[in-house]
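Structure file work.txt with compact mmCIF, C-alpha atoms and all ligand atoms:
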```txt
# COMPACT_ATOMS: atom_id res chain seq x y z
CA MET A 1010 -21.50 57.59 49.63
CA VAL A 1011 -18.92 56.89 52.31
CA GLU A 1012 -16.02 59.32 52.63
CA ARG A 1013 -12.65 57.65 52.11
CA ASN A 1014 -10.49 57.52 55.24
CA PRO A 1015 -8.19 60.49 54.57
CA ASN A 1016 -5.30 58.75 56.32
CA LEU A 1017 -5.30 55.97 53.75
CA ALA A 1018 -5.32 58.56 51.00
CA LYS A 1019 -2.05 59.90 52.45
CA LEU A 1020 -0.18 56.72 51.51
CA ARG A 1021 1.29 57.89 48.26
CA ALA A 1022 2.72 54.71 46.86
CA GLY A 1023 1.32 51.22 47.15
CA TYR A 1024 2.92 49.01 49.74
CA LEU A 1025 6.47 48.30 48.60
CA PHE A 1026 6.18 44.58 47.95
CA PRO A 1027 3.03 44.61 45.77
CA GLU A 1028 4.80 47.26 43.67
CA ILE A 1029 7.81 44.97 43.26
CA ALA A 1030 5.48 42.10 42.32
CA ARG A 1031 3.83 44.32 39.69
CA ARG A 1032 7.17 45.17 38.09
CA LYS A 1033 8.28 41.56 38.20
CA LYS A 1034 5.06 40.48 36.46
CA ALA A 1035 5.65 43.04 33.70
CA VAL A 1036 9.14 41.64 33.07
CA ILE A 1037 7.78 38.08 32.96
CA GLU A 1038 5.16 39.10 30.43
CA GLU A 1039 7.83 40.60 28.21
CA ASN A 1040 10.28 37.71 28.70
CA PRO A 1041 8.16 34.60 29.13
CA GLU A 1042 11.22 32.33 28.79
CA ALA A 1043 13.25 34.03 31.49
CA LYS A 1044 13.74 32.29 34.82
CA ILE A 1045 13.36 35.04 37.38
CA ILE A 1046 15.13 34.49 40.70
CA SER A 1047 13.82 36.36 43.70
CA LEU A 1048 16.17 37.74 46.32
CA GLY A 1049 13.50 40.31 46.92
CA ILE A 1050 10.61 40.11 49.29
CA GLY A 1051 12.40 38.30 52.11
CA ASP A 1052 9.99 35.40 52.25
CA THR A 1053 11.28 32.04 53.44
CA THR A 1054 11.57 29.26 50.85
CA GLU A 1055 12.71 26.04 52.51
CA PRO A 1056 10.26 23.31 53.54
CA LEU A 1057 9.52 22.79 57.21
CA SER A 1058 11.40 19.92 58.78
CA GLY A 1059 9.84 16.54 59.49
CA GLY A 1060 9.39 16.86 63.25
CA ILE A 1061 7.64 20.20 63.01
CA VAL A 1062 5.38 19.02 60.18
CA SER A 1063 4.45 15.89 62.20
CA SER A 1064 3.37 18.01 65.13
CA LEU A 1065 1.20 20.17 62.86
CA VAL A 1066 -0.36 17.06 61.28
CA GLU A 1067 -0.94 15.53 64.68
CA ALA A 1068 -2.63 18.72 65.89
CA CYS A 1069 -4.91 18.63 62.84
CA ARG A 1070 -5.81 14.98 63.41
CA GLY A 1071 -6.59 15.76 67.03
CA MET A 1072 -9.17 18.30 65.88
CA GLY A 1073 -11.01 15.43 64.20
CA THR A 1074 -11.49 13.58 67.47
CA LEU A 1075 -13.83 14.23 70.39
CA GLU A 1076 -10.99 14.30 72.93
CA GLY A 1077 -8.63 16.36 70.78
CA TYR A 1078 -11.06 18.98 69.55
CA SER A 1079 -10.64 22.52 70.86
CA GLY A 1080 -12.29 25.82 70.01
CA TYR A 1081 -11.30 29.30 71.13
CA GLY A 1082 -8.29 29.28 73.39
CA ALA A 1083 -6.79 31.92 75.66
CA GLU A 1084 -6.33 35.09 73.57
CA GLN A 1085 -2.84 35.52 75.05
CA GLY A 1086 -1.75 32.08 73.84
CA MET A 1087 -1.43 28.54 75.21
CA GLY A 1088 0.17 28.46 78.63
CA ASP A 1089 2.78 25.88 77.67
CA LEU A 1090 3.85 27.87 74.61
CA ARG A 1091 4.17 31.09 76.63
CA GLU A 1092 6.28 29.18 79.13
CA LYS A 1093 8.44 27.62 76.46
CA ILE A 1094 9.09 30.98 74.77
CA ALA A 1095 10.08 32.53 78.11
CA GLU A 1096 12.33 29.61 79.00
CA LYS A 1097 13.92 28.63 75.68
CA LEU A 1098 14.19 31.93 73.85
CA TYR A 1099 14.62 34.29 76.81
CA ARG A 1100 16.31 31.91 79.26
CA GLY A 1101 13.94 33.10 81.96
CA ILE A 1102 14.65 36.85 81.71
CA VAL A 1103 10.97 37.42 80.92
CA LYS A 1104 7.99 35.79 82.63
CA PRO A 1105 5.54 33.55 80.76
CA GLU A 1106 2.65 35.88 81.64
CA GLU A 1107 4.51 38.74 79.93
CA VAL A 1108 4.48 36.80 76.63
CA TYR A 1109 1.48 37.28 74.31
CA VAL A 1110 1.31 34.77 71.47
CA SER A 1111 0.02 36.17 68.19
CA ASP A 1112 -0.38 35.58 64.46
CA GLY A 1113 2.79 37.54 63.66
CA ALA A 1114 4.89 40.60 64.33
CA LYS A 1115 3.29 42.64 61.56
CA CYS A 1116 -0.19 42.06 62.97
CA ASP A 1117 1.07 42.92 66.46
CA THR A 1118 2.55 46.16 65.09
CA GLY A 1119 -0.89 47.15 63.81
CA ARG A 1120 -2.56 46.30 67.09
CA LEU A 1121 0.09 48.22 69.04
CA GLN A 1122 -0.59 51.23 66.84
CA VAL A 1123 -4.29 50.91 67.69
CA MET A 1124 -3.44 50.69 71.39
CA PHE A 1125 -1.22 53.79 71.37
CA GLY A 1126 -3.79 55.72 69.34
CA ALA A 1127 -3.79 58.50 66.79
CA GLU A 1128 -2.18 61.08 69.08
CA ALA A 1129 1.04 59.14 69.66
CA THR A 1130 4.17 60.67 68.16
CA VAL A 1131 6.62 58.36 66.49
CA ALA A 1132 10.32 57.94 65.63
CA VAL A 1133 11.59 55.27 63.23
CA GLN A 1134 14.99 54.18 61.99
CA ASP A 1135 15.63 55.41 58.47
CA PRO A 1136 15.70 53.03 56.63
CA SER A 1137 13.33 50.57 58.29
CA TYR A 1138 10.56 48.02 57.79
CA PRO A 1139 7.77 50.06 56.08
CA VAL A 1140 4.97 48.92 58.40
CA TYR A 1141 6.05 51.19 61.26
CA VAL A 1142 5.49 54.31 59.15
CA ASP A 1143 2.60 53.12 56.98
CA GLY A 1144 0.65 51.74 59.95
CA SER A 1145 1.19 55.01 61.83
CA VAL A 1146 -0.07 56.95 58.81
CA ILE A 1147 -3.21 54.79 58.57
CA LEU A 1148 -3.88 55.41 62.25
CA GLY A 1149 -3.51 59.17 61.72
CA GLN A 1150 -0.34 59.60 63.76
CA THR A 1151 1.14 61.80 61.02
CA GLY A 1152 0.39 64.79 58.86
CA GLY A 1153 1.02 64.86 55.11
CA TYR A 1154 4.33 64.81 53.29
CA ASN A 1155 7.06 67.33 53.99
CA ASP A 1156 8.25 69.80 51.37
CA ASP A 1157 10.45 67.47 49.39
CA ALA A 1158 7.79 64.72 49.64
CA SER A 1159 10.26 62.18 51.02
CA GLN A 1160 9.05 62.00 54.61
CA PHE A 1161 5.80 62.27 56.52
CA ASP A 1162 5.36 65.26 58.79
CA GLY A 1163 5.01 64.19 62.37
CA ILE A 1164 7.37 61.24 62.09
CA GLU A 1165 10.96 61.53 63.23
CA TYR A 1166 13.23 59.69 60.81
CA MET A 1167 16.35 58.55 62.67
CA ARG A 1168 18.98 58.36 59.98
CA CYS A 1169 20.99 55.14 60.35
CA ASP A 1170 23.70 54.70 57.75
CA ALA A 1171 27.34 53.81 57.41
CA SER A 1172 28.38 57.31 58.51
CA ASN A 1173 26.93 56.77 62.00
CA ASN A 1174 27.53 53.04 62.22
CA PHE A 1175 23.78 52.50 61.62
CA PHE A 1176 22.91 53.97 65.00
CA PRO A 1177 21.01 57.26 65.24
CA ASP A 1178 22.39 60.49 66.61
CA LEU A 1179 20.12 60.69 69.66
CA SER A 1180 21.42 64.10 70.72
CA ALA A 1181 19.67 65.58 67.68
CA LEU A 1182 16.43 63.65 68.10
CA PRO A 1183 13.35 65.40 69.47
CA ARG A 1184 11.19 63.58 72.02
CA THR A 1185 8.51 61.24 70.67
CA ASP A 1186 6.08 58.97 72.51
CA LEU A 1187 7.16 55.88 70.60
CA ILE A 1188 10.51 54.83 69.19
CA TYR A 1189 10.55 51.85 66.82
CA PHE A 1190 13.87 50.07 66.73
CA CYS A 1191 14.62 46.89 64.79
CA SER A 1192 17.79 44.83 65.38
CA PRO A 1193 19.00 43.03 63.31
CA ASN A 1194 17.63 45.73 61.09
CA ASN A 1195 15.55 45.15 58.02
CA PRO A 1196 16.84 46.26 55.49
CA THR A 1197 20.43 47.20 56.45
CA GLY A 1198 21.30 44.03 58.36
CA ALA A 1199 22.86 46.21 61.09
CA VAL A 1200 22.83 44.73 64.58
CA ALA A 1201 22.92 47.06 67.59
CA THR A 1202 25.46 46.41 70.34
CA LYS A 1203 24.56 46.24 74.02
CA GLU A 1204 26.11 49.69 74.55
CA GLN A 1205 24.05 51.21 71.74
CA LEU A 1206 20.84 49.69 73.10
CA LYS A 1207 21.69 50.96 76.57
CA GLU A 1208 22.05 54.45 75.10
CA LEU A 1209 18.64 54.06 73.46
CA ILE A 1210 17.06 52.86 76.70
CA ASP A 1211 18.55 55.78 78.65
CA PHE A 1212 17.26 58.17 75.98
CA ALA A 1213 13.76 56.66 76.17
CA LYS A 1214 13.83 56.79 79.96
CA LYS A 1215 14.92 60.43 79.99
CA ASN A 1216 12.14 61.36 77.55
CA ARG A 1217 9.51 59.07 79.11
CA SER A 1218 9.11 57.38 75.72
CA ILE A 1219 8.26 53.77 74.96
CA LEU A 1220 10.61 51.70 72.84
CA ILE A 1221 9.02 49.17 70.47
CA PHE A 1222 11.84 46.72 69.84
CA ASP A 1223 11.40 44.47 66.79
CA ALA A 1224 13.52 41.34 67.18
CA ALA A 1225 12.03 39.43 64.22
CA TYR A 1226 15.55 38.48 63.02
CA SER A 1227 17.12 37.83 66.42
CA ALA A 1228 17.59 34.13 65.65
CA TYR A 1229 20.18 35.13 63.01
CA ILE A 1230 22.52 36.61 65.62
CA GLU A 1231 25.40 34.26 66.31
CA ASP A 1232 27.83 36.67 67.94
CA PRO A 1233 27.32 36.05 71.68
CA GLU A 1234 28.26 39.67 72.44
CA LEU A 1235 25.25 41.00 70.52
CA PRO A 1236 21.90 41.09 72.34
CA ARG A 1237 19.08 39.00 70.87
CA SER A 1238 16.48 40.75 72.99
CA ILE A 1239 16.12 44.25 74.39
CA PHE A 1240 15.51 42.60 77.76
CA GLU A 1241 19.16 41.54 77.88
CA VAL A 1242 19.96 45.21 78.41
CA GLU A 1243 19.75 46.80 81.84
CA GLY A 1244 16.89 49.23 82.45
CA SER A 1245 14.80 47.98 79.52
CA ARG A 1246 11.85 46.63 81.48
CA GLU A 1247 10.59 50.11 82.41
CA VAL A 1248 10.78 51.50 78.86
CA ALA A 1249 10.52 48.76 76.24
CA LEU A 1250 8.27 46.11 74.79
CA GLU A 1251 9.36 43.60 72.19
CA ILE A 1252 7.75 41.99 69.16
CA ASN A 1253 9.06 38.80 67.62
CA SER A 1254 8.04 36.03 65.28
CA PHE A 1255 8.41 32.42 64.18
CA SER A 1256 8.36 33.67 60.56
CA LYS A 1257 12.06 34.03 59.88
CA MET A 1258 13.19 31.93 62.81
CA ALA A 1259 11.32 28.77 61.78
CA GLY A 1260 10.04 29.42 58.25
CA PHE A 1261 6.53 30.18 59.53
CA THR A 1262 5.84 33.16 57.22
CA GLY A 1263 2.80 31.35 55.81
CA VAL A 1264 1.96 29.34 58.91
CA ARG A 1265 1.71 32.60 60.95
CA LEU A 1266 2.91 32.72 64.55
CA GLY A 1267 4.56 35.45 66.58
CA TRP A 1268 4.61 36.96 70.02
CA SER A 1269 5.09 40.13 71.98
CA VAL A 1270 6.64 40.65 75.39
CA VAL A 1271 5.22 43.43 77.54
CA PRO A 1272 6.98 43.62 80.91
CA GLN A 1273 4.94 44.32 84.03
CA GLU A 1274 7.06 47.39 84.88
CA LEU A 1275 6.16 49.21 81.63
CA LYS A 1276 3.60 51.90 82.47
CA PHE A 1277 1.75 54.81 80.89
CA GLU A 1278 2.09 58.33 82.28
CA ASP A 1279 -0.97 57.82 84.54
CA GLY A 1280 0.51 54.67 86.05
CA THR A 1281 -1.64 52.19 84.11
CA PRO A 1282 0.42 49.14 83.17
CA VAL A 1283 0.81 48.93 79.38
CA SER A 1284 0.16 45.18 79.74
CA LYS A 1285 -3.36 45.94 81.01
CA ASP A 1286 -4.26 47.84 77.85
CA TRP A 1287 -2.41 45.40 75.62
CA ASN A 1288 -4.42 42.57 77.15
CA ARG A 1289 -7.61 44.57 76.49
CA VAL A 1290 -6.66 45.16 72.83
CA VAL A 1291 -5.62 41.56 72.27
CA THR A 1292 -8.81 40.19 73.82
CA THR A 1293 -11.00 42.67 71.96
CA LEU A 1294 -9.48 42.72 68.47
CA PHE A 1295 -7.74 39.37 68.25
CA ASN A 1296 -9.06 35.99 69.30
CA GLY A 1297 -5.73 34.26 69.73
CA ALA A 1298 -3.37 32.46 67.37
CA SER A 1299 -4.53 29.24 65.70
CA ASN A 1300 -4.46 26.35 68.17
CA LEU A 1301 -2.96 24.12 65.45
CA VAL A 1302 -0.17 26.53 64.71
CA GLN A 1303 0.66 27.01 68.37
CA LYS A 1304 1.31 23.26 68.55
CA GLY A 1305 3.72 23.73 65.65
CA GLY A 1306 5.38 26.55 67.60
CA LEU A 1307 5.81 24.28 70.60
CA ALA A 1308 7.44 21.67 68.37
CA CYS A 1309 9.92 24.28 67.08
CA LEU A 1310 10.99 24.96 70.65
CA SER A 1311 11.46 21.34 71.68
CA ASP A 1312 15.12 20.27 71.76
CA ALA A 1313 14.79 18.26 68.54
CA GLY A 1314 12.66 20.92 66.84
CA TYR A 1315 15.04 23.71 67.77
CA SER A 1316 18.01 21.94 66.20
CA GLU A 1317 15.96 21.66 63.01
CA VAL A 1318 15.21 25.36 63.25
CA GLU A 1319 18.90 26.15 63.74
CA GLU A 1320 19.77 24.09 60.71
CA MET A 1321 17.38 26.14 58.60
CA ILE A 1322 18.82 29.40 59.91
CA HIS A 1323 22.31 28.15 59.10
CA TYR A 1324 21.16 27.38 55.54
CA TYR A 1325 19.91 30.94 54.98
CA LYS A 1326 22.98 32.42 56.63
CA THR A 1327 25.22 30.45 54.28
CA ASN A 1328 23.22 31.99 51.42
CA ALA A 1329 23.90 35.41 52.95
CA THR A 1330 27.62 34.65 53.03
CA ILE A 1331 27.57 33.63 49.34
CA ILE A 1332 25.71 36.81 48.35
CA LYS A 1333 27.90 39.09 50.43
CA LYS A 1334 31.10 37.56 49.08
CA ALA A 1335 29.95 37.95 45.47
CA LEU A 1336 28.79 41.55 45.88
CA THR A 1337 32.00 42.47 47.70
CA GLU A 1338 34.12 40.86 44.98
CA MET A 1339 32.15 42.86 42.42
CA GLY A 1340 33.47 45.95 44.17
CA LEU A 1341 30.23 47.02 45.83
CA GLU A 1342 30.06 48.55 49.28
CA VAL A 1343 28.07 45.93 51.20
CA TYR A 1344 26.69 45.93 54.75
CA GLY A 1345 24.88 43.25 56.77
CA GLY A 1346 24.92 39.62 55.69
CA VAL A 1347 26.42 38.58 59.05
CA ASN A 1348 24.15 37.95 62.05
CA SER A 1349 21.38 38.86 59.61
CA PRO A 1350 19.73 37.44 56.48
CA TYR A 1351 20.00 40.72 54.53
CA CYS A 1352 22.81 42.29 52.50
CA TRP A 1353 22.58 46.02 51.90
CA ALA A 1354 24.55 47.27 48.91
CA ARG A 1355 25.29 50.79 47.70
CA MET A 1356 24.60 51.08 43.97
CA GLU A 1357 27.09 53.82 43.19
CA GLY A 1358 25.67 56.59 41.01
CA LYS A 1359 22.22 55.04 40.70
CA GLY A 1360 18.85 55.52 42.29
CA SER A 1361 17.40 52.51 44.10
CA TRP A 1362 14.55 51.90 41.66
CA GLU A 1363 16.90 52.41 38.71
CA ALA A 1364 19.30 49.80 40.12
CA PHE A 1365 16.38 47.50 40.91
CA GLU A 1366 15.13 47.74 37.29
CA GLU A 1367 18.60 47.18 35.89
CA ILE A 1368 19.16 44.04 37.98
CA LEU A 1369 15.67 42.77 37.16
CA THR A 1370 15.78 43.36 33.42
CA GLN A 1371 19.43 42.34 32.86
CA ALA A 1372 20.04 39.57 35.38
CA PHE A 1373 16.39 38.59 35.94
CA VAL A 1374 17.01 38.83 39.67
CA VAL A 1375 14.46 40.50 41.94
CA THR A 1376 15.88 42.64 44.76
CA THR A 1377 14.29 45.32 46.91
CA PRO A 1378 15.00 48.99 46.24
CA GLY A 1379 16.39 50.66 49.34
CA ALA A 1380 14.29 53.80 48.88
CA GLY A 1381 11.21 51.73 49.74
CA PHE A 1382 12.46 51.58 53.34
CA GLY A 1383 12.86 55.33 53.82
CA PRO A 1384 14.71 58.30 52.34
CA ALA A 1385 18.10 57.15 53.67
CA GLY A 1386 17.70 53.93 51.65
CA GLU A 1387 18.00 55.83 48.36
CA GLY A 1388 20.96 54.59 46.34
CA PHE A 1389 20.90 51.16 48.00
CA VAL A 1390 19.43 47.78 47.15
CA ARG A 1391 18.59 44.99 49.58
CA PHE A 1392 19.48 41.39 48.75
CA SER A 1393 17.63 38.76 50.74
CA SER A 1394 19.22 35.41 51.53
CA PHE A 1395 15.88 33.60 51.63
CA GLY A 1396 16.10 31.34 48.59
CA HIS A 1397 17.06 27.86 47.44
CA ARG A 1398 20.85 27.41 47.36
CA ASP A 1399 20.89 26.64 43.61
CA ASP A 1400 18.94 29.81 42.89
CA VAL A 1401 21.20 31.92 45.08
CA GLU A 1402 24.28 30.53 43.33
CA GLU A 1403 22.77 31.13 39.91
CA ALA A 1404 21.67 34.63 40.92
CA VAL A 1405 25.16 35.65 42.02
CA GLU A 1406 26.64 34.25 38.79
CA ARG A 1407 24.21 36.38 36.79
CA LEU A 1408 24.97 39.43 38.93
CA ARG A 1409 28.69 38.99 38.32
CA LYS A 1410 28.07 38.66 34.57
CA HIS A 1411 25.71 41.59 34.13
CA LEU A 1412 26.86 44.02 36.77
CA GLY A 1413 30.34 42.91 37.78
N1 LIG B 1 9.32 42.80 61.51
C1 LIG B 1 10.24 42.87 60.55
C2 LIG B 1 11.42 43.74 60.76
C3 LIG B 1 10.09 42.17 59.37
O1 LIG B 1 10.99 42.28 58.40
C4 LIG B 1 8.95 41.35 59.20
C5 LIG B 1 8.73 40.57 57.98
O2 LIG B 1 9.35 40.69 56.99
C6 LIG B 1 8.02 41.32 60.22
C7 LIG B 1 8.23 42.05 61.36
C8 LIG B 1 6.73 40.56 60.04
O3 LIG B 1 6.75 39.36 60.64
P1 LIG B 1 5.47 38.43 60.68
O4 LIG B 1 5.58 37.49 59.53
O5 LIG B 1 5.61 37.76 62.00
O6 LIG B 1 4.24 39.26 60.61
```
Re-express the file's structure as structure tokens.
Ligand code: PLP
Amino acid sequence: MVERNPNLAKLRAGYLFPEIARRKKAVIEENPEAKIISLGIGDTTEPLSGGIVSSLVEACRGMGTLEGYSGYGAEQGMGDLREKIAEKLYRGIVKPEEVYVSDGAKCDTGRLQVMFGAEATVAVQDPSYPVYVDGSVILGQTGGYNDDASQFDGIEYMRCDASNNFFPDLSALPRTDLIYFCSPNNPTGAVATKEQLKELIDFAKKNRSILIFDAAYSAYIEDPELPRSIFEVEGSREVALEINSFSKMAGFTGVRLGWSVVPQELKFEDGTPVSKDWNRVVTTLFNGASNLVQKGGLACLSDAGYSEVEEMIHYYKTNATIIKKALTEMGLEVYGGVNSPYCWARMEGKGSWEAFEEILTQAFVVTTPGAGFGPAGEGFVRFSSFGHRDDVEEAVERLRKHLG
């Protein structure tokens, strides 16, 4: 018999979203007539626009012709897509050869964890996207649970809540090799200012740490004062790499396309460029993003395609405004929902899972319990703005009726 990987055995609960799906299924079984509305998982819902679909179809048709057929491509991505990402999304502040096209930011997170290895020490925002912690646990970067079983030993949880303006107290934070930082944050919707990111960069530089900046929701930032990329902040190129994705920007959650940016100046302690090892990992463990999908990505970044993308983002942001307004009028303390697709609401006097169950069983609306994102998420619920407008409007009506 094969011994089970002990690191996987450390993951106490199932991954958050399958657990939500399980509870939703149970409610459907008990109430087969109920129309459940999901403001939960944060998956996009709106169809891709015509121009982007045409480019995907055209790429598929090309594969059926002798001239258009292509097999394996460059593992780092098509040259023209790398160029377009550098030019359109970064306005030239990163170089095309620093862009690595991938099948998504989650997959890149896993490969980064492989690259940094089991000995790397880690700090994460609390609350944050669960993959940073769970992936680190699978890799063996942690011990077991601490005494109150809310946190893993070996991971520094940087508490980010309303009391500190959702930015960690760095003076109290021990040194770690890696610092994960996501802005706009999932789940709180908080967006870090340039000054805050500068503080983080200086902290990483002082400690000789590497910052893994997750900008998966950067396209939702409309305030021109707020940075969309860590590379807009001075000093970042020596300490940070960035992951990003077409998932929430262009509705590509199922299509699958993302990228990372690893600047040439970012080095390991022995002077090896991080990009050298990243290239080795990408070429060894990943054979490149689908050539069809990369054509779709290129279409998203054309002038016409990008206006279609912006229209979709505007649609979801309007949903966020509707949700935030309703929750605020219901008297809840609500964060996010601006420059971000997520609203983060305190459920006074209730645990996250208790509030989740109440909203699910009374209003038939699926949310995400804040505790699933880390101990500091306890007592909160996340509302996602990814949904059809009619559903969002109906969901807020039901919330007003049952919880208002
Ligand atoms: N990063 C954050 C913060 C996310 O919330 C998500 C998806 O929900 C991802 C990354 C994953 O993105 P992708 O679909 O590109 O794997």
Neighbour list for Pro1027 (chain A) as a list of chain:residue names, cut-off 10 Å, only C-alpha atoms, skip fewer than 5 positions in-chain
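Skipping anything fewer than 5 positions along the chain leaves A:Arg1032, A:Lys1033, A:Ile1050.
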May I have the residues within 9 Å of region 1358-1365 of chain A as a count of residues only, using all atoms listed in the file and disregarding those fewer than 6 positions away in the same chain?
13
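Residues in contact with ligand LIG 1 (chain B) comprise A:Gly1051, A:Asp1112, A:Gly1113, A:Ala1114, A:Lys1115, A:Cys1116, A:Tyr1138, A:Cys1191, A:Asn1194, A:Asn1195, A:Asp1223, A:Ala1225, A:Asn1253, A:Ser1254, A:Phe1255, A:Ser1256, A:Thr1262, A:Arg1265, A:Leu1266, A:Gly1267, where contact means an atom-to-atom distance of at most 7 Å counting all atoms listed in the file.
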Restricting it to C-alpha atoms, dump the selection as a compact mmCIF listing (two decimals), in the frame of the given file.
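Output (result03.txt):
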```
# COMPACT_ATOMS: atom_id res chain seq x y z
CA GLY A 1051 12.40 38.30 52.11
CA ASP A 1112 -0.38 35.58 64.46
CA GLY A 1113 2.79 37.54 63.66
CA ALA A 1114 4.89 40.60 64.33
CA LYS A 1115 3.29 42.64 61.56
CA CYS A 1116 -0.19 42.06 62.97
CA TYR A 1138 10.56 48.02 57.79
CA CYS A 1191 14.62 46.89 64.79
CA ASN A 1194 17.63 45.73 61.09
CA ASN A 1195 15.55 45.15 58.02
CA ASP A 1223 11.40 44.47 66.79
CA ALA A 1225 12.03 39.43 64.22
CA ASN A 1253 9.06 38.80 67.62
CA SER A 1254 8.04 36.03 65.28
CA PHE A 1255 8.41 32.42 64.18
CA SER A 1256 8.36 33.67 60.56
CA THR A 1262 5.84 33.16 57.22
CA ARG A 1265 1.71 32.60 60.95
CA LEU A 1266 2.91 32.72 64.55
CA GLY A 1267 4.56 35.45 66.58
```
Find the spatial neighbours of Ser1063 (chain A), counting all atoms listed in the file, within a cut-off of 9 Å - ignore same-chain residues fewer than 5 positions away - and output them as a VMD selection string.
chain A and resid 1058 1068 1305 1308
Point-to-point distance in Å for CA of Glu1403 (chain A) and CA of Ile1230 (chain A)
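Straight-line distance from CA of Ile1230 (chain A) to CA of Glu1403 (chain A) works out to 26.3 Å.
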Which is closest to Phe1161 (chain A) among A:Met1356, A:Thr1330, A:Val1347, A:Gly1383, if we use only C-alpha atoms?
A:Gly1383
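Residues in contact with Ser1394 (chain A) at up to 10 Å, not including ones fewer than 6 positions away on its chain and judged by all atoms listed in the file, are Ser1047, Leu1048, Gly1049, Gly1051, Asp1052, Thr1053, Thr1054, Tyr1324, Tyr1325, Lys1326, Thr1327, Asn1328, Ala1329, Thr1330, Ile1331, Ile1332, Lys1333, Gly1346, Ser1349, Pro1350, Tyr1351, Cys1352 and Val1401 of chain A.
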When you draw a straight line from CA of Lys1044 (chain A) to CA of Phe1373 (chain A), how long is it in Å?
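We find that CA of Lys1044 (chain A) and CA of Phe1373 (chain A) lie 6.9 Å from each other.
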With region 1213-1219 of chain A as the partner and 9 Å as the cut-off, tabulate the residues of region 1258-1376 of chain A that qualify, each row holding the nearest pair of atoms and their distance in Å to one decimal, using only C-alpha atoms, sorted by chain and rising number, as CSV.
```
residue,atom,partner,partner_atom,distance
A:Leu1275,CA,A:Ile1219,CA,8.3
A:Phe1277,CA,A:Ile1219,CA,8.9
A:Glu1278,CA,A:Arg1217,CA,8.1
```
Tell me, as JSON, numbers by chain, which residues lie within 10 Å of Val1242 (chain A), counting all atoms listed in the file; anything in the same chain fewer than 6 positions away does not count.
{"A": [1202, 1203, 1204, 1205, 1206, 1207, 1210, 1236]}
Using only C-alpha atoms, the best pick from A:Ala1043, A:Gln1273, A:Val1142, A:Pro1177 as closest to Asp1162 (chain A) would be A:Val1142
Please report the interatomic distance between CA of Asp1232 (chain A) and CA of Gly1198 (chain A) in Å with one decimal.
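Going from CA of Asp1232 (chain A) over to CA of Gly1198 (chain A) covers 13.7 Å.
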Of the candidates A:Gln1371, A:Ser1227, A:Thr1197, A:Gln1134, which one gets nearest to Tyr1099 (chain A) if we count only C-alpha atoms?
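Closest to Tyr1099 (chain A) of all the choices is A:Ser1227.
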Counting only C-alpha atoms, I want the residues whose atoms come within 12 Å of (20.0, 63.8, 66.0) in the file frame, returned as an MDAnalysis selection string.
chainID A and resid 1132 1134 1165:1169 1173 1176:1184 1212
Rank nothing, just name the residue among A:Ile1094, A:Val1291, A:Leu1412, A:Leu1220 nearest to Cys1309 (chain A), using only C-alpha atoms.
A:Ile1094
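Distances from A:Arg1237, A:Arg1070, A:Arg1246, A:Arg1391 to Leu1098 (chain A) were compared using all atoms listed in the file, and the smallest one belongs to A:Arg1237.
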Fill-in result for region 1245-1255 of chain A, N, CA and C atoms as a PDB file, in the coordinates of the input:
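Once written, part_31.pdb looks like this:
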```
ATOM      1  N   SER A1245      15.758  48.054  80.622  1.00  0.00           N
ATOM      2  CA  SER A1245      14.800  47.980  79.520  1.00  0.00           C
ATOM      3  C   SER A1245      13.363  47.740  79.977  1.00  0.00           C
ATOM      4  N   ARG A1246      13.206  47.066  81.096  1.00  0.00           N
ATOM      5  CA  ARG A1246      11.850  46.630  81.480  1.00  0.00           C
ATOM      6  C   ARG A1246      10.904  47.795  81.771  1.00  0.00           C
ATOM      7  N   GLU A1247      11.455  48.953  82.111  1.00  0.00           N
ATOM      8  CA  GLU A1247      10.590  50.110  82.410  1.00  0.00           C
ATOM      9  C   GLU A1247      10.249  50.896  81.147  1.00  0.00           C
ATOM     10  N   VAL A1248      10.974  50.641  80.036  1.00  0.00           N
ATOM     11  CA  VAL A1248      10.780  51.500  78.860  1.00  0.00           C
ATOM     12  C   VAL A1248      10.465  50.763  77.557  1.00  0.00           C
ATOM     13  N   ALA A1249      10.604  49.438  77.548  1.00  0.00           N
ATOM     14  CA  ALA A1249      10.520  48.760  76.240  1.00  0.00           C
ATOM     15  C   ALA A1249       9.521  47.612  76.234  1.00  0.00           C
ATOM     16  N   LEU A1250       8.971  47.372  75.050  1.00  0.00           N
ATOM     17  CA  LEU A1250       8.270  46.110  74.790  1.00  0.00           C
ATOM     18  C   LEU A1250       8.904  45.536  73.530  1.00  0.00           C
ATOM     19  N   GLU A1251       8.685  44.248  73.315  1.00  0.00           N
ATOM     20  CA  GLU A1251       9.360  43.600  72.190  1.00  0.00           C
ATOM     21  C   GLU A1251       8.346  42.837  71.347  1.00  0.00           C
ATOM     22  N   ILE A1252       8.543  42.858  70.032  1.00  0.00           N
ATOM     23  CA  ILE A1252       7.750  41.990  69.160  1.00  0.00           C
ATOM     24  C   ILE A1252       8.713  41.005  68.485  1.00  0.00           C
ATOM     25  N   ASN A1253       8.200  39.827  68.207  1.00  0.00           N
ATOM     26  CA  ASN A1253       9.060  38.800  67.620  1.00  0.00           C
ATOM     27  C   ASN A1253       8.182  37.799  66.877  1.00  0.00           C
ATOM     28  N   SER A1254       8.805  36.843  66.213  1.00  0.00           N
ATOM     29  CA  SER A1254       8.040  36.030  65.280  1.00  0.00           C
ATOM     30  C   SER A1254       8.708  34.688  64.979  1.00  0.00           C
ATOM     31  N   PHE A1255       7.896  33.698  64.675  1.00  0.00           N
ATOM     32  CA  PHE A1255       8.410  32.420  64.180  1.00  0.00           C
ATOM     33  C   PHE A1255       8.664  32.484  62.669  1.00  0.00           C
TER      34      PHE A1255
END
```
